[in-house]
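See structure below.
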Amino acid sequence: MNGARILAVCGIAGGVAVSALTDTKPVREPITVEGYQVLSGDFHVHAFVGDGGIAPWSMQDQAAHLGLDVIAITNHNQTLAGRLGRSSAESSTGPIVLVGEEITGRNFHLIGVGIERAVNWDQPARGAIADVHAQGGLAIAAHPMHGFDGYDPEGLAELDGVEVAHRDTLAPEASKQFDEFYQRAVARNPEIAAIGSSDFHTSGPMGFCRTYLFVRERSKAGVMDAIRDGRTVGRCEGGRLRGRPELVRLLEPHSEALAPPDETLIQTLALLLVWVSLVALAIVGPRS
Amino acid sequence: MPPDLRLALSPTKTYCELIAEPERGTWLRALERIAFVAILIGTAVTLSSARRLPPGLVLMGIVCWSFVPITQWLIGLVVIGRAPGRRLSVPRCLELLFAAHLPWSLWMLVTIGIDTFTPVPIPLVIQVLSLLVPAVWTTIILSAFCRIVLGCTPARAHLLIVAHQAMTWTAFFGYVVLVSGLWPRVLAFIGA
């Protein structure tokens, strides 16, 4: 049995080594459109010390590997993970890490970005939006399908953004609900930001759905201003660009350049080798 | 056949064989079991979450997720402490308790494997229902553990199994409620 155990350990070590050797950060030429720099962002990701799989202090590096320029760590009803992620990212020139929260209420989920303190979830959506704004943050309706769309007309008008691209939009029925909500929000606020978010937890990848932002400067303020002014477009990998038609048209020529980096076959095989080895190791146990 | 697999397939017989072996229980061996489970969980979750495995990230995953086997270890200590009739040392009992990891380890690895390597998402209902398999399987192994390793009467064994499962599921749901905003969803569901 020792032979099988040694083989399993070698498989894990080999897979990790191959994964590490083929691990590269994509280098992308800056894209400028009509005087604005275009950034890729994911404003709805979960980290550990929550229901995310990756430690908050590893999130910036992970975002860099996925070609993201900015992320917001948005655990449910807490900002601890976001603050931990930001503090470890501050000294780096990598992707911007913003503190956020997924305010998980009874009939709405609201992303608060650029806040410090957790917002009370046990109130109507409009109150939560006001609390986010009181902290200088941005309020984005998260996956506004049925069951999460409890915004009254006034609340709808107060939103800074709406998730229009999300892994749930891959299902036609849910996609229709996202579109309907976005149209209702646009009717109240024509400049509301169209947001693409992965809602990343423990199965990847982060940035699967992402937001393209037209920013004046690559900074937290630049990102927040772009969302406030609605200069954003959302998209899921392989899907269409969603948002204001004039912005979608501007981005279409750069669609390929902005796409997330592909996983290579060797990287997938390394993951598969590690997974098979883990199964084998679980079966043979730690020692005879 | 490896002992952990034998134990999963034939718990009573395997525990009888294992307790007949010379006592070699040390705290180091018991801790080794925690580390083993932490490596399985941490590596698998990192694989699924990051889809890349640089050593630093894997190590961080192992450290972060080690709270799961540590919690199980503490629950095991409570259960073993409530078995005055046991003849084996506490670390040996912990080692034998952790040898029952296979149902949950396989469930986690299969779930992560499907999620990572197939395009088919597992519906939440199926995920939740599939929890029954390792839960029931582990309860059967635990029953043998309490009777054979801890030397409990059937009645006391039942009591300890209930206590072990109650503590495990309380810890699990406590964590889920804390981190996933489950409470507002429950309130919405019951219309409160």
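Residues are named by chain letter and number: chains run A, B, ... in the order of the structure tokens, numbers start at 1 in each chain, and ligands are numbered from 1 in the order shown.
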
### Message
Please check the contacts: residues of chain B at most 9 Å away from chain A, using only C-alpha atoms, listed as a ChimeraX atom specification.
### Response
/B:1-5,32-33,36-37,40,42-55,57-58,60-61,64-65,99,101-102,105-106,109-110,112-113,115-117,175-176,178-189

#### Entry: Distance query segment 211-213 of chain A at most 9 Å, only C-alpha atoms, self and fewer than 3 positions along chain excluded, as a PyMOL selection string
chain A and resi 36-43+165+194-197+207+223+226-227+230-236+251+258

### Message
Can you tell me which residues surround Leu18 of chain B at a distance of at most 9 Å, considering only C-alpha atoms, apart from same-chain residues fewer than 3 positions away, and format the answer as a PyMOL selection string?
### Response
chain B and resi 3+13-15+21-22+96+149

Among the residues of segment 7-207 of chain A, find those DSSP assigns to alpha helix (DSSP H) from the backbone and print them as an mmCIF file with C-alpha atoms, in the first residue's frame.
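Written output follows (result-v4.cif):
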data_model
loop_
_atom_site.group_PDB
_atom_site.id
_atom_site.type_symbol
_atom_site.label_atom_id
_atom_site.label_comp_id
_atom_site.auth_asym_id
_atom_site.auth_seq_id
_atom_site.Cartn_x
_atom_site.Cartn_y
_atom_site.Cartn_z
ATOM 1 C CA LEU A 7 2.296 7.523 -6.090
ATOM 2 C CA ALA A 8 -0.596 9.649 -4.820
ATOM 3 C CA VAL A 9 1.733 12.061 -3.013
ATOM 4 C CA CYS A 10 3.945 12.290 -6.122
ATOM 5 C CA GLY A 11 0.840 12.973 -8.223
ATOM 6 C CA ILE A 12 -0.160 15.870 -5.967
ATOM 7 C CA ALA A 13 3.391 17.250 -5.856
ATOM 8 C CA GLY A 14 3.757 16.864 -9.634
ATOM 9 C CA GLY A 15 0.414 18.534 -10.344
ATOM 10 C CA VAL A 16 1.214 21.418 -8.006
ATOM 11 C CA ALA A 17 4.647 21.817 -9.615
ATOM 12 C CA VAL A 18 3.220 21.870 -13.156
ATOM 13 C CA SER A 19 0.475 24.263 -12.069
ATOM 14 C CA ALA A 20 3.059 26.572 -10.490
ATOM 15 C CA LEU A 21 5.374 26.438 -13.511
ATOM 16 C CA MET A 59 -7.644 37.464 -3.616
ATOM 17 C CA GLN A 60 -5.612 40.242 -5.214
ATOM 18 C CA ASP A 61 -3.105 37.769 -6.674
ATOM 19 C CA GLN A 62 -5.940 35.573 -7.909
ATOM 20 C CA ALA A 63 -7.601 38.584 -9.562
ATOM 21 C CA ALA A 64 -4.318 39.498 -11.277
ATOM 22 C CA HIS A 65 -4.069 35.993 -12.746
ATOM 23 C CA LEU A 80 -14.220 41.768 7.655
ATOM 24 C CA ALA A 81 -12.990 39.767 4.658
ATOM 25 C CA GLY A 82 -13.058 42.874 2.483
ATOM 26 C CA ARG A 83 -11.019 44.855 4.983
ATOM 27 C CA LEU A 84 -8.499 42.014 5.348
ATOM 28 C CA GLY A 85 -8.214 41.764 1.571
ATOM 29 C CA ARG A 86 -7.729 45.488 1.160
ATOM 30 C CA SER A 87 -5.131 45.813 3.918
ATOM 31 C CA SER A 88 -2.971 43.095 2.363
ATOM 32 C CA ALA A 89 -3.365 44.632 -1.105
ATOM 33 C CA ALA A 125 -33.918 47.608 0.491
ATOM 34 C CA ARG A 126 -34.359 51.371 0.319
ATOM 35 C CA GLY A 127 -33.011 51.739 3.880
ATOM 36 C CA ALA A 128 -30.002 49.550 3.082
ATOM 37 C CA ILE A 129 -29.258 51.623 -0.028
ATOM 38 C CA ALA A 130 -29.426 54.818 2.046
ATOM 39 C CA ASP A 131 -27.030 53.304 4.616
ATOM 40 C CA VAL A 132 -24.560 52.364 1.864
ATOM 41 C CA HIS A 133 -24.728 55.883 0.439
ATOM 42 C CA ALA A 134 -24.267 57.370 3.912
ATOM 43 C CA PRO A 153 -39.854 52.265 -7.057
ATOM 44 C CA GLU A 154 -38.005 54.758 -4.851
ATOM 45 C CA GLY A 155 -35.393 52.167 -3.958
ATOM 46 C CA LEU A 156 -34.992 51.299 -7.605
ATOM 47 C CA ALA A 157 -34.310 54.942 -8.426
ATOM 48 C CA GLU A 158 -31.654 55.147 -5.721
ATOM 49 C CA PRO A 172 -32.874 31.613 -20.157
ATOM 50 C CA GLU A 173 -35.715 32.101 -17.656
ATOM 51 C CA ALA A 174 -33.455 33.817 -15.099
ATOM 52 C CA SER A 175 -31.850 35.886 -17.858
ATOM 53 C CA LYS A 176 -35.281 37.201 -18.775
ATOM 54 C CA GLN A 177 -35.881 38.227 -15.160
ATOM 55 C CA PHE A 178 -32.514 40.030 -15.035
ATOM 56 C CA ASP A 179 -33.390 41.912 -18.225
ATOM 57 C CA GLU A 180 -36.833 42.873 -16.953
ATOM 58 C CA PHE A 181 -35.378 44.209 -13.718
ATOM 59 C CA TYR A 182 -32.690 46.153 -15.595
ATOM 60 C CA GLN A 183 -35.322 47.733 -17.847
ATOM 61 C CA ARG A 184 -37.379 48.742 -14.812
ATOM 62 C CA ALA A 185 -34.262 50.253 -13.223
ATOM 63 C CA VAL A 186 -33.300 52.091 -16.434
ATOM 64 C CA ALA A 187 -36.818 53.541 -16.614
ATOM 65 C CA ARG A 188 -36.189 55.094 -13.190
#

### Message
When you look at segment 122-139 of chain B with a cut-off of 9 Å (counting only C-alpha atoms), what residues show up, excluding the ones that are within fewer than 3 positions of it in the same chain? I need them as a list in words.
### Response
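With the cut-off at 9 Å, the set is Ala8, Ala100, His101, Leu102, Pro103, Trp104, Ser105, Leu106, Trp107, Thr111, Ile114, Asp115, Leu142, Ser143, Ala144, Ile161 and Gln165 of chain B.
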